[in-house]
file model.txt (compact mmCIF, C-alpha atoms)
# COMPACT_ATOMS: atom_id res chain seq x y z
CA MET A 1 44.13 -46.02 -30.43
CA HIS A 2 41.73 -45.80 -27.56
CA SER A 3 44.39 -46.77 -25.01
CA SER A 4 46.90 -44.35 -26.54
CA ARG A 5 44.49 -41.43 -26.23
CA ARG A 6 43.84 -42.27 -22.62
CA THR A 7 47.59 -42.34 -21.88
CA SER A 8 48.15 -39.04 -23.71
CA SER A 9 45.29 -37.46 -21.83
CA GLY A 10 46.73 -38.69 -18.56
CA LYS A 11 50.08 -37.12 -19.35
CA LYS A 12 48.44 -33.78 -20.16
CA SER A 13 46.52 -33.85 -16.88
CA SER A 14 49.68 -34.65 -14.97
CA SER A 15 51.49 -31.75 -16.68
CA ARG A 16 48.71 -29.30 -15.77
CA SER A 17 48.71 -30.54 -12.21
CA ASN A 18 52.48 -30.06 -11.86
CA SER A 19 52.23 -26.55 -13.30
CA SER A 20 49.42 -25.67 -10.92
CA ASN A 21 51.36 -27.01 -7.95
CA ALA A 22 54.40 -24.98 -8.94
CA MET A 23 52.29 -21.78 -9.13
CA ARG A 24 50.74 -22.43 -5.72
CA HIS A 25 54.22 -23.06 -4.29
CA LYS A 26 55.56 -19.78 -5.66
CA LEU A 27 52.51 -17.85 -4.37
CA ARG A 28 52.86 -19.46 -0.95
CA HIS A 29 56.53 -18.54 -0.92
CA VAL A 30 55.76 -14.86 -1.70
CA VAL A 31 53.06 -14.67 0.98
CA ASN A 32 55.34 -16.30 3.56
CA ASN A 33 58.11 -13.81 2.78
CA ILE A 34 55.68 -10.91 3.25
CA LEU A 35 54.44 -12.31 6.57
CA ILE A 36 58.00 -12.90 7.75
CA ASN A 37 59.02 -9.36 6.80
CA LEU A 38 55.97 -7.91 8.57
CA THR A 39 57.04 -9.56 11.82
CA GLN A 40 60.60 -8.30 11.55
CA PRO A 41 61.51 -5.09 13.40
CA ARG A 42 62.92 -3.64 10.17
CA PRO A 43 61.03 -4.65 7.01
CA SER A 44 63.14 -5.57 4.00
CA ARG A 45 63.50 -3.48 0.86
CA ALA A 46 61.41 -6.02 -1.00
CA LEU A 47 58.46 -5.38 1.32
CA TYR A 48 58.87 -1.64 0.93
CA MET A 49 58.81 -2.14 -2.84
CA ILE A 50 55.64 -4.27 -2.72
CA ILE A 51 53.85 -1.77 -0.48
CA SER A 52 54.93 1.10 -2.75
CA ILE A 53 53.64 -0.65 -5.87
CA LEU A 54 50.30 -1.42 -4.19
CA SER A 55 49.97 2.18 -2.96
CA VAL A 56 50.68 3.60 -6.39
CA GLY A 57 48.10 1.26 -7.89
CA MET A 58 45.46 2.28 -5.38
CA LEU A 59 46.14 5.97 -5.94
CA PHE A 60 45.86 5.46 -9.70
CA VAL A 61 42.48 3.79 -9.34
CA LEU A 62 41.28 6.50 -6.94
CA PHE A 63 42.28 9.43 -9.15
CA SER A 64 40.83 7.71 -12.19
CA ALA A 65 37.47 7.41 -10.43
CA LEU A 66 37.53 11.03 -9.26
CA GLY A 67 38.39 12.25 -12.69
CA ALA A 68 35.70 10.24 -14.44
CA HIS A 69 33.02 12.27 -16.19
CA VAL A 70 29.66 11.77 -14.48
CA PRO A 71 26.82 13.43 -16.42
CA SER A 72 24.60 15.82 -14.47
CA PRO A 73 21.16 14.39 -13.60
CA SER A 74 18.33 15.59 -15.78
CA HIS A 75 14.60 15.26 -15.22
CA ALA A 76 13.38 16.89 -18.41
CA ASN A 77 11.41 13.77 -19.29
CA LEU A 78 9.27 14.35 -16.20
CA GLY A 79 7.99 17.72 -17.43
CA HIS A 80 9.29 21.26 -17.31
CA ASP A 81 8.06 22.03 -13.77
CA VAL A 82 9.85 19.05 -12.27
CA ALA A 83 12.93 19.69 -14.39
CA GLU A 84 13.16 23.30 -13.28
CA MET A 85 12.70 22.41 -9.64
CA ALA A 86 15.04 19.39 -9.54
CA ASP A 87 17.71 20.37 -12.05
CA GLY A 88 17.59 24.16 -12.17
CA SER A 89 16.27 26.29 -15.01
CA HIS A 90 19.52 25.99 -17.02
CA PHE A 91 18.83 22.30 -17.64
CA TYR A 92 15.49 23.04 -19.26
CA SER A 93 15.59 24.58 -22.71
CA GLY A 94 11.88 25.10 -23.14
CA LYS A 95 9.96 28.33 -22.53
CA LYS A 96 8.63 28.80 -19.01
CA SER A 97 4.89 28.28 -19.02
CA SER A 98 2.40 30.84 -17.76
CA SER A 99 1.03 28.32 -15.26
CA ALA A 100 4.42 28.15 -13.56
CA VAL A 101 4.37 31.93 -13.22
CA ASP A 102 0.81 31.93 -11.88
CA LYS A 103 1.87 29.61 -9.08
CA SER A 104 3.55 32.53 -7.30
CA ASN A 105 0.13 34.20 -6.94
CA HIS A 106 -1.32 31.37 -4.88
CA ARG A 107 -1.38 31.15 -1.12
CA MET A 108 -3.05 28.50 1.00
CA ALA A 109 -4.28 28.50 4.58
CA ILE A 110 -4.28 25.12 6.31
CA VAL A 111 -6.83 25.31 9.11
CA ILE A 112 -6.20 23.28 12.27
CA PRO A 113 -8.39 23.69 15.37
CA TYR A 114 -6.86 22.38 18.59
CA LEU A 115 -8.02 21.81 22.15
CA PRO A 116 -5.86 20.33 24.92
CA PRO A 117 -7.03 17.13 26.63
CA SER A 118 -10.11 17.63 28.78
CA ASP A 119 -8.44 16.15 31.89
CA GLY A 120 -6.35 19.33 32.21
CA ALA A 121 -3.17 17.34 32.83
CA SER A 122 -1.35 19.14 30.01
CA PRO A 123 -3.26 22.31 28.99
CA THR A 124 -0.95 23.21 26.12
CA PHE A 125 0.15 21.96 22.73
CA PRO A 126 1.53 18.42 22.48
CA PRO A 127 5.28 17.86 22.94
CA TYR A 128 5.78 17.34 19.20
CA PHE A 129 4.42 20.82 18.37
CA ASP A 130 7.94 22.23 17.92
CA LEU A 131 8.63 19.56 15.29
CA PHE A 132 5.37 20.41 13.53
CA ALA A 133 6.20 24.13 13.52
CA MET A 134 9.76 23.56 12.31
CA SER A 135 8.54 21.44 9.41
CA ALA A 136 5.79 23.94 8.55
CA ALA A 137 8.45 26.62 8.03
CA GLY A 138 9.50 24.83 4.84
CA SER A 139 6.24 25.90 3.17
CA ALA A 140 6.40 29.56 4.19
CA SER A 141 6.58 30.76 0.59
CA HIS A 142 3.01 29.62 -0.20
CA ILE A 143 1.29 28.21 2.89
CA ASP A 144 0.14 29.52 6.28
CA TYR A 145 -0.94 27.28 9.13
CA LEU A 146 -3.80 28.79 11.14
CA ILE A 147 -3.97 27.10 14.55
CA PHE A 148 -7.24 27.95 16.34
CA HIS A 149 -7.11 27.02 20.01
CA CYS A 150 -8.97 27.32 23.30
CA PHE A 151 -8.12 26.91 27.00
CA ILE A 152 -4.35 27.20 26.72
CA PRO A 153 -3.02 29.65 29.33
CA PRO A 154 -0.86 32.41 27.80
CA GLU A 155 2.16 31.34 29.84
CA LEU A 156 1.97 27.85 28.29
CA LEU A 157 1.75 29.04 24.70
CA PRO A 158 4.86 28.83 22.51
CA ASP A 159 6.85 32.03 22.21
CA VAL A 160 5.50 33.67 19.06
CA GLY A 161 8.92 35.15 18.41
CA THR A 162 10.38 31.66 18.00
CA LEU A 163 7.65 30.36 15.69
CA PRO A 164 7.95 30.48 11.90
CA SER A 165 6.11 33.45 10.41
CA ASN A 166 3.63 31.17 8.65
CA VAL A 167 2.49 29.39 11.84
CA LYS A 168 -0.20 31.61 13.32
CA LEU A 169 -1.81 30.96 16.71
CA ILE A 170 -5.36 32.29 17.13
CA ASP A 171 -6.88 32.21 20.63
CA LEU A 172 -10.63 31.91 20.11
CA ASN A 173 -11.45 32.40 23.79
CA THR A 174 -9.93 35.86 23.57
CA ASP A 175 -11.26 36.70 20.12
CA ILE A 176 -14.83 35.43 20.38
CA THR A 177 -16.02 34.80 23.92
CA SER A 178 -15.11 35.95 27.39
CA LYS A 179 -16.85 33.04 29.07
CA GLU A 180 -14.33 30.77 30.76
CA ASN A 181 -16.39 27.62 30.31
CA GLN A 182 -17.02 28.04 26.59
CA CYS A 183 -14.73 27.56 23.63
CA GLY A 184 -15.04 30.17 20.91
CA LEU A 185 -14.92 27.40 18.31
CA ALA A 186 -18.49 26.47 19.25
CA LYS A 187 -19.85 29.83 18.18
CA LEU A 188 -17.99 29.62 14.87
CA PHE A 189 -19.17 26.08 14.23
CA THR A 190 -22.83 27.11 14.52
CA ARG A 191 -22.36 28.96 11.23
CA VAL A 192 -23.28 25.67 9.56
CA THR A 193 -26.90 26.38 10.55
CA ASP A 194 -27.04 29.79 8.86
CA GLN A 195 -29.44 28.62 6.13
CA ARG A 196 -31.90 26.99 8.50
CA GLN A 197 -35.22 28.83 8.53
CA ALA A 198 -36.13 27.87 12.08
CA LEU A 199 -33.64 26.26 14.44
CA GLU A 200 -34.90 23.33 16.44
CA THR A 201 -32.25 24.17 19.04
CA PRO A 202 -31.83 27.95 19.53
CA LEU A 203 -28.31 29.34 19.36
CA ASP A 204 -28.31 30.31 23.02
CA LYS A 205 -28.66 26.59 23.83
CA LEU A 206 -26.79 25.19 20.85
CA ILE A 207 -23.55 27.09 21.50
CA PRO A 208 -23.00 25.94 25.12
CA THR A 209 -24.09 22.40 24.24
CA LEU A 210 -21.64 22.23 21.36
CA SER A 211 -18.94 23.84 23.49
CA SER A 212 -19.33 21.11 26.12
CA GLN A 213 -19.09 18.44 23.44
CA ILE A 214 -15.90 19.99 22.08
CA ILE A 215 -14.34 20.31 25.53
CA TYR A 216 -15.01 16.76 26.65
CA TYR A 217 -14.66 15.08 23.26
CA PRO A 218 -12.06 17.13 21.33
CA TYR A 219 -11.82 14.50 18.61
CA ILE A 220 -15.20 15.61 17.25
CA LEU A 221 -13.43 18.66 15.82
CA VAL A 222 -12.58 16.53 12.79
CA GLU A 223 -16.29 16.25 11.94
CA TYR A 224 -16.30 19.87 10.84
CA LYS A 225 -13.32 19.76 8.49
CA PRO A 226 -15.40 19.85 5.26
CA ALA A 227 -17.04 23.11 6.40
CA PHE A 228 -13.86 24.92 7.47
CA GLY A 229 -13.94 27.08 4.34
CA HIS A 230 -17.31 28.45 5.45
CA ILE A 231 -16.81 28.36 9.23
CA PHE A 232 -13.51 30.28 9.11
CA ALA A 233 -14.40 32.41 6.07
CA ASP A 234 -13.50 35.66 7.86
CA TYR A 235 -9.93 34.40 8.30
CA LEU A 236 -9.53 33.16 4.71
CA THR A 237 -10.33 36.19 2.60
CA SER A 238 -6.72 36.78 1.52
CA TYR A 239 -6.06 33.16 0.47
CA SER A 240 -6.55 31.52 -2.92
CA HIS A 241 -6.86 28.07 -1.31
CA TRP A 242 -7.69 26.56 2.03
CA GLY A 243 -7.16 23.09 3.39
CA TYR A 244 -7.44 20.98 6.50
CA SER A 245 -4.99 18.68 8.22
CA ASP A 246 -3.77 17.72 11.70
CA ILE A 247 -1.17 18.98 14.11
CA ASP A 248 0.61 15.61 14.18
CA VAL A 249 1.63 15.82 10.51
CA VAL A 250 5.20 16.75 9.55
CA PHE A 251 4.87 18.81 6.38
CA GLY A 252 8.22 20.13 5.17
CA ASP A 253 8.22 22.07 1.91
CA MET A 254 4.77 21.27 0.54
CA THR A 255 5.37 23.39 -2.55
CA ARG A 256 7.65 20.62 -3.80
CA TRP A 257 4.73 18.18 -3.58
CA ILE A 258 1.90 20.33 -4.86
CA ASP A 259 2.09 20.43 -8.65
CA THR A 260 1.28 23.52 -10.68
CA ASP A 261 -1.83 21.89 -12.13
CA GLU A 262 -3.07 21.15 -8.61
CA TRP A 263 -2.91 24.86 -7.83
CA ASN A 264 -4.49 25.97 -11.09
CA ASP A 265 -6.69 23.27 -12.59
CA TYR A 266 -8.33 21.44 -9.69
CA ASP A 267 -11.05 22.55 -7.29
CA ILE A 268 -10.21 19.91 -4.68
CA VAL A 269 -7.02 17.90 -4.20
CA THR A 270 -6.50 15.17 -1.62
CA TYR A 271 -3.43 13.10 -0.79
CA GLY A 272 -3.91 9.41 -0.02
CA PHE A 273 -1.72 6.54 1.16
CA GLY A 274 -1.55 4.34 -1.90
CA ASP A 275 -5.34 3.90 -1.90
CA GLN A 276 -6.22 6.63 -4.38
CA ASP A 277 -8.71 4.35 -6.09
CA LYS A 278 -10.96 4.67 -3.03
CA LEU A 279 -11.71 8.31 -3.97
CA TYR A 280 -11.63 9.37 -0.34
CA LEU A 281 -11.15 13.00 0.66
CA ARG A 282 -8.57 12.36 3.33
CA GLY A 283 -8.75 14.16 6.66
CA GLN A 284 -4.95 14.18 6.91
CA PHE A 285 -4.61 16.59 4.00
CA THR A 286 -7.15 17.93 1.53
CA PHE A 287 -7.19 21.40 0.02
CA HIS A 288 -9.70 23.43 -1.97
CA LYS A 289 -9.92 26.52 -4.11
CA ASN A 290 -11.27 29.28 -1.93
CA ASP A 291 -14.63 29.69 -3.63
CA PRO A 292 -17.15 30.94 -1.02
CA LYS A 293 -20.21 30.39 -3.23
CA VAL A 294 -19.59 26.87 -4.58
CA ILE A 295 -16.60 24.93 -3.27
CA ASN A 296 -16.93 26.15 0.31
CA GLN A 297 -20.58 25.05 0.41
CA LEU A 298 -20.26 21.43 -0.73
CA TRP A 299 -20.43 20.21 2.87
CA ARG A 300 -24.12 21.17 3.06
CA HIS A 301 -24.98 17.78 1.57
CA CYS A 302 -23.91 16.30 4.93
CA LYS A 303 -26.96 16.69 7.13
CA TYR A 304 -25.09 16.08 10.37
CA LEU A 305 -23.54 19.51 9.65
CA SER A 306 -26.25 21.45 7.86
CA GLU A 307 -28.90 20.24 10.36
CA MET A 308 -26.72 20.45 13.45
CA ASP A 309 -29.56 22.07 15.42
CA ILE A 310 -31.58 18.86 15.01
CA ARG A 311 -28.64 16.65 15.88
CA TYR A 312 -28.03 18.52 19.14
CA SER A 313 -31.66 18.85 20.14
CA GLU A 314 -32.67 17.39 23.50
CA LYS A 315 -34.88 14.72 21.92
CA ASN A 316 -31.90 13.33 19.96
CA ALA A 317 -29.41 13.41 22.82
CA SER A 318 -29.45 9.63 23.28
CA GLU A 319 -28.96 9.00 19.54
CA ARG A 320 -26.01 11.35 19.10
CA LYS A 321 -22.93 9.63 17.67
CA PHE A 322 -19.60 10.42 16.12
CA GLU A 323 -19.76 11.16 12.39
CA SER A 324 -17.04 10.48 9.83
CA ALA A 325 -16.28 13.61 7.86
CA GLU A 326 -14.30 11.54 5.37
CA GLY A 327 -17.24 9.24 4.72
CA CYS A 328 -19.98 11.79 4.18
CA TYR A 329 -17.89 14.42 2.41
CA SER A 330 -16.28 11.85 0.11
CA GLN A 331 -19.75 10.84 -1.07
CA ALA A 332 -21.20 14.34 -1.20
CA VAL A 333 -18.59 15.89 -3.50
CA PRO A 334 -18.78 13.41 -6.42
CA ARG A 335 -22.59 13.46 -6.25
CA THR A 336 -22.92 17.20 -6.53
CA ASN A 337 -24.36 18.56 -9.76
CA LYS A 338 -21.61 21.15 -9.99
CA GLN A 339 -18.85 20.82 -12.57
CA LEU A 340 -15.85 20.13 -10.34
CA ASN A 341 -12.31 18.95 -10.96
CA MET A 342 -11.12 16.73 -8.14
CA LYS A 343 -7.77 14.97 -7.88
CA THR A 344 -6.67 12.15 -5.58
CA ALA A 345 -2.88 12.02 -5.45
call {"tool": "encode", "arguments": {"input": "model.txt", "output": "structure tokens"}}
result
Amino acid sequence: MHSSRRTSSGKKSSSRSNSSNAMRHKLRHVVNNILINLTQPRPSRALYMIISILSVGMLFVLFSALGAHVPSPSHANLGHDVAEMADGSHFYSGKKSSSAVDKSNHRMAIVIPYLPPSDGASPTFPPYFDLFAMSAAGSASHIDYLIFHCFIPPELLPDVGTLPSNVKLIDLNTDITSKENQCGLAKLFTRVTDQRQALETPLDKLIPTLSSQIIYYPYILVEYKPAFGHIFADYLTSYSHWGYSDIDVVFGDMTRWIDTDEWNDYDIVTYGFGDQDKLYLRGQFTFHKNDPKVINQLWRHCKYLSEMDIRYSEKNASERKFESAEGCYSQAVPRTNKQLNMKTA
């Protein structure tokens, strides 16, 4: 029995092998005929027939795919605001909330001071300014960009007619001071001392000292970001929110990023880089409700700002150092005794 099974099995294997060889032979024969016909000056009718069948098959598959029903994308599970923005209002069956309507009443000013390099090699905006301005145009419905600048000759300024309407250039040398060696930003920045009873450094000395610091070390402008709501208060009266950022940021349509609750429910919102747990108020982009009495005064907990007259006094000249606005402000806001809603996104 054992030997008989082995013999039977061997016959079956031999039969399968012969069948497989026959199939390979037929396939090889068909392929050879096609190759031979392709090399002939006039292809045979058989080749025309094969090509026709393949073409019809491909067209059938193509039209089947084009005619397939692909459901429209829906984002209703992400909330009505996202659904309305991404899918269109006809995909959302719910009633439009009042907060979505209120969003149209908000307008933000992003404040960006700028000084050209002190070496005078390029006394104008950086070469990527056109890209910045073009991207800022995407937010024109809700956001203005206020660019305060000094020491840029009028002939080197961008043509205002070519700039988006929400990118506004403000020459502080023309608006505030006529002195060629002083930047008007310095006079505005001394507003941080307005609650000091007696200044250790009088304004007539503080302003030129600060102006020299700004001119030769433009990067110190970032130290004053937390106080921009107070420093530039005269320029912000018509805005519901104000924020700070940098000229090397490409914005696009920020209204697609800023959620309705960020406009309505939060006093301060900051955007991080995947490190939201650090609770840092980022210098790249943070915005506030424009509240002159409370929100715009939170920076006063940072003494390097509120006691600037002491910092720039002659006796402290050797101890003067760069201060991190992110560091001090990020600690000052959570420690305030005010009831604030802050979001890190």
call {"tool": "atom_distance", "arguments": {"input": "model.txt", "atom1": "atom CA of A:Pro334", "atom2": "atom CA of A:Met108"}}
result
23.0 Å
call {"tool": "closest_residue", "arguments": {"input": "model.txt", "among": "A:Pro123, A:Gly161, A:Gly184, A:Gly252", "to": "A:Pro208", "atoms": "all atoms listed in the file"}}
result
A:Gly184
call {"tool": "closest_residue", "arguments": {"input": "model.txt", "among": "A:Leu199, A:Ala133, A:Val167, A:Ile214", "to": "A:Lys187", "atoms": "all atoms listed in the file"}}
result
A:Ile214
call {"tool": "atom_distance", "arguments": {"input": "model.txt", "atom1": "atom CA of A:Ala332", "atom2": "atom CA of A:Ile258"}}
result
24.1 Å
call {"tool": "atom_distance", "arguments": {"input": "model.txt", "atom1": "atom CA of A:Arg191", "atom2": "atom CA of A:Gln213"}}
result
16.4 Å
call {"tool": "closest_residue", "arguments": {"input": "model.txt", "among": "A:Ile152, A:Leu163, A:Ile53, A:Ile143", "to": "A:Asp253", "atoms": "only C-alpha atoms"}}
result
A:Ile143
call {"tool": "closest_residue", "arguments": {"input": "model.txt", "among": "A:Asn264, A:Ser141, A:Thr190, A:Thr286", "to": "A:Pro164", "atoms": "all atoms listed in the file"}}
result
A:Ser141
call {"tool": "residues_around", "arguments": {"input": "model.txt", "residues": "A:Tyr219", "least_positions_apart": "6", "cutoff": "10 Å", "atoms": "all atoms listed in the file", "output": "ChimeraX atom specification"}}
result
/A:114-115,117,213,322
call {"tool": "residues_around", "arguments": {"input": "model.txt", "residues": "stretch 238-243 of chain A", "least_positions_apart": "5", "cutoff": "10 Å", "atoms": "only C-alpha atoms", "output": "PyMOL selection string"}}
result
chain A and resi 105-112+142-145+225-226+228-229+232-233+263+267-270+283-291+296
call {"tool": "closest_residue", "arguments": {"input": "model.txt", "among": "A:Arg196, A:Leu185, A:Ile207, A:Thr344", "to": "A:Phe273", "atoms": "all atoms listed in the file"}}
result
A:Thr344
call {"tool": "closest_residue", "arguments": {"input": "model.txt", "among": "A:Trp257, A:Phe151, A:Tyr304, A:Tyr266", "to": "A:Pro218", "atoms": "all atoms listed in the file"}}
result
A:Phe151
call {"tool": "residues_around", "arguments": {"input": "model.txt", "residues": "A:Gly327", "least_positions_apart": "4", "cutoff": "9 Å", "atoms": "only C-alpha atoms", "output": "list in words"}}
result
Tyr280, Leu281, Glu323, Gln331 and Ala332 of chain A
call {"tool": "residues_around", "arguments": {"input": "model.txt", "residues": "A:Leu169", "least_positions_apart": "6", "cutoff": "7 Å", "atoms": "all atoms listed in the file", "output": "PDB file with C-alpha atoms, keeping the file's coordinate frame"}}
result
ATOM      1  CA  LEU A 146      -3.800  28.790  11.140  1.00  0.00           C
ATOM      2  CA  ILE A 147      -3.970  27.100  14.550  1.00  0.00           C
ATOM      3  CA  PHE A 148      -7.240  27.950  16.340  1.00  0.00           C
TER       4      PHE A 148
END
call {"tool": "residues_near_point", "arguments": {"input": "model.txt", "point": "(-21.6, 20.6, -1.0)", "cutoff": "10 Å", "atoms": "all atoms listed in the file", "output": "list of chain:residue names"}}
result
A:Pro226, A:Ala227, A:Val294, A:Ile295, A:Asn296, A:Gln297, A:Leu298, A:Trp299, A:Arg300, A:His301, A:Cys302, A:Tyr329, A:Gln331, A:Ala332, A:Val333, A:Pro334, A:Arg335, A:Thr336, A:Asn337, A:Lys338
